[in-house]
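Content type compact mmCIF, C-alpha atoms, from the file coords-v1.txt:
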```txt
# COMPACT_ATOMS: atom_id res chain seq x y z
CA ILE A 1 -3.73 20.63 -12.31
CA TYR A 2 -0.57 18.50 -12.35
CA LEU A 3 -1.63 16.65 -15.49
CA ARG A 4 -2.26 19.94 -17.32
CA VAL A 5 1.29 21.07 -16.50
CA VAL A 6 2.76 17.76 -17.67
CA GLU A 7 0.79 17.77 -20.93
CA SER A 8 1.95 21.28 -21.80
CA SER A 9 5.60 20.75 -20.81
CA TYR A 10 8.46 20.75 -23.31
CA PHE A 11 9.21 17.03 -23.24
CA ASN A 12 5.61 16.29 -24.16
CA THR A 13 5.20 18.85 -26.96
CA SER A 14 8.69 18.97 -28.47
CA GLU A 15 8.99 18.02 -32.15
CA LYS A 16 12.25 16.19 -31.47
CA VAL A 17 10.64 14.07 -28.75
CA MET A 18 7.66 13.30 -30.99
CA ARG A 19 10.00 12.20 -33.78
CA LEU A 20 11.88 9.92 -31.37
CA LEU A 21 8.57 8.52 -30.15
CA ASP A 22 7.52 7.73 -33.74
CA GLU A 23 10.86 6.04 -34.42
CA VAL A 24 10.57 3.87 -31.31
CA GLU A 25 7.02 2.89 -32.28
CA ASP A 26 8.17 1.98 -35.80
CA ILE A 27 11.09 -0.10 -34.48
CA PHE A 28 8.82 -1.90 -32.03
CA ALA A 29 6.25 -2.58 -34.77
CA LYS A 30 8.96 -3.87 -37.10
CA HIS A 31 10.66 -6.23 -34.66
CA TYR A 32 7.90 -7.34 -32.29
CA ALA A 33 4.61 -6.98 -34.18
CA LYS A 34 5.65 -8.00 -37.72
CA ASP A 35 5.13 -4.48 -39.14
CA ASP A 36 1.58 -4.32 -37.80
CA LYS A 37 1.36 -0.83 -36.32
CA ARG A 38 -2.10 -1.36 -34.81
CA LYS A 39 -0.97 -4.51 -32.95
CA ALA A 40 2.16 -2.72 -31.73
CA MET A 41 0.13 0.20 -30.41
CA LYS A 42 -2.04 -2.19 -28.41
CA TYR A 43 1.11 -3.21 -26.52
CA LEU A 44 2.67 0.23 -26.25
CA LYS A 45 -0.46 2.22 -25.38
CA PRO A 46 -3.06 -0.09 -23.84
CA ILE A 47 -6.56 1.25 -23.35
CA GLN A 48 -7.16 2.19 -19.74
CA HIS A 49 -10.43 0.80 -18.44
CA LYS A 50 -12.39 3.00 -16.10
CA GLU A 51 -12.38 1.58 -12.58
CA SER A 52 -15.65 0.78 -10.92
CA HIS A 53 -16.36 2.02 -7.42
CA ALA A 54 -18.57 -0.97 -6.66
CA VAL A 55 -15.79 -2.83 -4.85
CA THR A 56 -15.07 0.09 -2.56
CA PHE A 57 -18.79 0.53 -1.94
CA PHE A 58 -19.30 -3.11 -0.98
CA VAL A 59 -16.21 -3.19 1.24
CA GLY A 60 -17.57 -0.14 3.07
CA LEU A 61 -21.06 -1.62 3.21
CA PHE A 62 -19.92 -4.94 4.62
CA THR A 63 -17.54 -3.23 7.04
CA GLY A 64 -20.37 -1.07 8.32
CA CYS A 65 -22.69 -4.08 8.63
CA PHE A 66 -19.99 -6.03 10.46
CA MET A 67 -19.27 -3.19 12.87
CA ALA A 68 -22.99 -2.60 13.54
CA LEU A 69 -23.57 -6.30 14.15
CA LEU A 70 -20.53 -6.55 16.42
CA ALA A 71 -21.59 -3.46 18.40
CA GLY A 72 -25.14 -4.77 18.71
CA TYR A 73 -23.88 -8.13 19.86
CA VAL A 74 -21.55 -6.61 22.46
CA ILE A 75 -24.30 -4.33 23.79
CA MET A 76 -26.80 -7.19 23.88
CA ALA A 77 -24.33 -9.48 25.63
CA HIS A 78 -23.49 -6.77 28.17
CA THR A 79 -27.10 -5.79 28.95
CA MET A 80 -28.32 -9.36 29.19
CA ARG A 81 -25.24 -10.40 31.18
CA MET A 82 -24.73 -13.37 28.93
CA TYR A 83 -21.21 -14.09 30.14
CA THR A 84 -21.88 -13.95 33.86
CA LYS A 85 -22.48 -17.19 35.71
CA GLN A 86 -26.15 -17.81 36.32
CA SER A 87 -27.77 -21.00 37.42
CA SER A 88 -30.78 -21.53 35.15
CA ASP A 89 -30.47 -19.05 32.26
CA THR A 90 -28.46 -21.31 29.96
CA ALA A 91 -31.39 -21.87 27.59
CA TYR A 92 -31.21 -18.28 26.34
CA MET A 93 -27.50 -18.62 25.66
CA GLU A 94 -28.01 -21.94 23.89
CA ILE A 95 -30.59 -20.41 21.54
CA VAL A 96 -29.35 -16.87 20.87
CA TYR A 97 -25.59 -17.42 20.72
CA PRO A 98 -25.60 -19.76 17.68
CA ILE A 99 -27.91 -17.38 15.78
CA SER A 100 -25.78 -14.33 16.58
CA SER A 101 -22.57 -16.14 15.75
CA MET A 102 -24.03 -17.36 12.44
CA PHE A 103 -24.83 -13.80 11.34
CA SER A 104 -21.52 -12.47 12.57
CA LEU A 105 -19.64 -15.16 10.65
CA LEU A 106 -21.69 -14.37 7.55
CA PHE A 107 -20.86 -10.65 7.73
CA LEU A 108 -17.23 -11.39 8.58
CA HIS A 109 -17.03 -13.62 5.50
CA PHE A 110 -18.50 -10.88 3.29
CA PHE A 111 -16.16 -8.28 4.76
CA LEU A 112 -13.06 -10.41 4.19
CA TYR A 113 -14.22 -11.34 0.68
CA GLY A 114 -14.62 -7.64 -0.11
CA CYS A 115 -11.14 -6.93 1.29
CA ASN A 116 -9.70 -9.69 -0.90
CA ILE A 117 -11.35 -8.30 -4.03
CA PHE A 118 -10.13 -4.78 -3.18
CA THR A 119 -6.56 -6.04 -2.66
CA TRP A 120 -6.62 -8.15 -5.81
CA ARG A 121 -7.79 -5.15 -7.83
CA LYS A 122 -5.01 -2.97 -6.43
CA ALA A 123 -2.43 -5.70 -7.20
CA ARG A 124 -3.98 -6.26 -10.67
CA ILE A 125 -4.61 -9.95 -10.06
CA ASN A 126 -7.13 -11.36 -12.53
CA TYR A 127 -9.41 -12.87 -9.89
CA SER A 128 -12.38 -13.08 -12.27
CA PHE A 129 -10.37 -15.40 -14.53
CA ILE A 130 -9.04 -17.45 -11.60
CA PHE A 131 -12.48 -18.05 -10.06
CA GLU A 132 -14.29 -18.11 -13.46
CA LEU A 133 -16.57 -15.22 -12.54
CA ALA A 134 -18.55 -13.42 -15.22
CA PRO A 135 -17.09 -9.96 -15.90
CA THR A 136 -20.55 -8.40 -15.69
```
Written as structure tokens, how would this file's structure read?
Amino acid sequence: IYLRVVESSYFNTSEKVMRLLDEVEDIFAKHYAKDDKRKAMKYLKPIQHKESHAVTFFVGLFTGCFMALLAGYVIMAHTMRMYTKQSSDTAYMEIVYPISSMFSLLFLHFFLYGCNIFTWRKARINYSFIFELAPT
């Protein structure tokens, strides 16, 4: 709704404003693009790429997996009384704790990686160029 109002407003449809816009484009093309109007327009009006929602999806997915794993671990630790002192039940803790911590670290790593990608996209950091990732 807001964009429709802006597009139909006077400063966007006025002949005087359009003439000034054409003059500015011509001056920019003359001084900065060596009279190449197409090259100048690439700088003045860059093509907006449509954002993908895959990053948001994966951040949500990994957050949900991390929270589910953490909740499961806390419930399991509470019901099995893993942190209470017992005399001979250390074998269970020695076997299960490294496996649970391995998966929790894996999901924590994915979650933080997803947060980094989300933040880098918002800040317009070219992370795919920095880490040499394929754009596809």
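Residues in contact with stretch 55-57 of chain A at 12 Å, where all atoms listed in the file are counted and same-chain residues fewer than 2 positions away are skipped, are listed as Glu51, Ser52, His53, Val59, Gly60, Leu61, Phe62, Thr63, Gly64, Phe110, Phe111, Tyr113, Gly114, Cys115, Asn116, Ile117, Phe118, Thr119, Trp120, Arg121 and Lys122 of chain A.
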Item checked: For atom CA of A:Lys39 and atom CA of A:Leu21, the interatomic separation in Å (one decimal) -> 16.4 Å
Check: What does the distance from atom CA of A:Arg124 to atom CA of A:Leu3 come to in Å, to one decimal?
Finding: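 About the pair atom CA of A:Arg124 and atom CA of A:Leu3: they are 23.5 Å apart.
One distance worth recording is that between atom CA of A:Ala54 and atom CA of A:Leu70, which is 23.8 Å.
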If I only have part of stretch 41-53 of chain A, can you fill in N, CA and C atoms and write it as a short mmCIF file (atom, residue, chain, number, x, y, z; two decimals), keeping the file's coordinate frame?
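For reference, rebuild_22.cif as written:
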```cif
data_model
loop_
_atom_site.label_atom_id
_atom_site.label_comp_id
_atom_site.auth_asym_id
_atom_site.auth_seq_id
_atom_site.Cartn_x
_atom_site.Cartn_y
_atom_site.Cartn_z
N MET A 41 0.68 -0.85 -31.26
CA MET A 41 0.13 0.20 -30.41
C MET A 41 -0.73 -0.36 -29.29
N LYS A 42 -1.30 -1.55 -29.49
CA LYS A 42 -2.04 -2.19 -28.41
C LYS A 42 -1.12 -2.54 -27.25
N TYR A 43 0.13 -2.90 -27.57
CA TYR A 43 1.11 -3.21 -26.52
C TYR A 43 1.71 -1.95 -25.91
N LEU A 44 1.99 -0.97 -26.74
CA LEU A 44 2.67 0.23 -26.25
C LEU A 44 1.73 1.18 -25.52
N LYS A 45 0.51 1.32 -26.00
CA LYS A 45 -0.46 2.22 -25.38
C LYS A 45 -1.77 1.48 -25.13
N PRO A 46 -1.81 0.66 -24.09
CA PRO A 46 -3.06 -0.09 -23.84
C PRO A 46 -4.18 0.85 -23.41
N ILE A 47 -5.39 0.45 -23.71
CA ILE A 47 -6.56 1.25 -23.35
C ILE A 47 -6.81 1.10 -21.86
N GLN A 48 -6.91 2.20 -21.17
CA GLN A 48 -7.16 2.19 -19.74
C GLN A 48 -8.66 2.04 -19.50
N HIS A 49 -9.04 0.99 -18.77
CA HIS A 49 -10.43 0.80 -18.44
C HIS A 49 -10.78 1.61 -17.21
N LYS A 50 -11.96 2.20 -17.23
CA LYS A 50 -12.39 3.00 -16.10
C LYS A 50 -12.71 2.08 -14.93
N GLU A 51 -12.17 2.40 -13.77
CA GLU A 51 -12.38 1.58 -12.58
C GLU A 51 -13.78 1.78 -12.04
N SER A 52 -14.33 0.72 -11.54
CA SER A 52 -15.65 0.78 -10.92
C SER A 52 -15.47 1.01 -9.42
N HIS A 53 -16.40 1.75 -8.85
CA HIS A 53 -16.36 2.02 -7.42
C HIS A 53 -17.21 1.02 -6.64
#
```
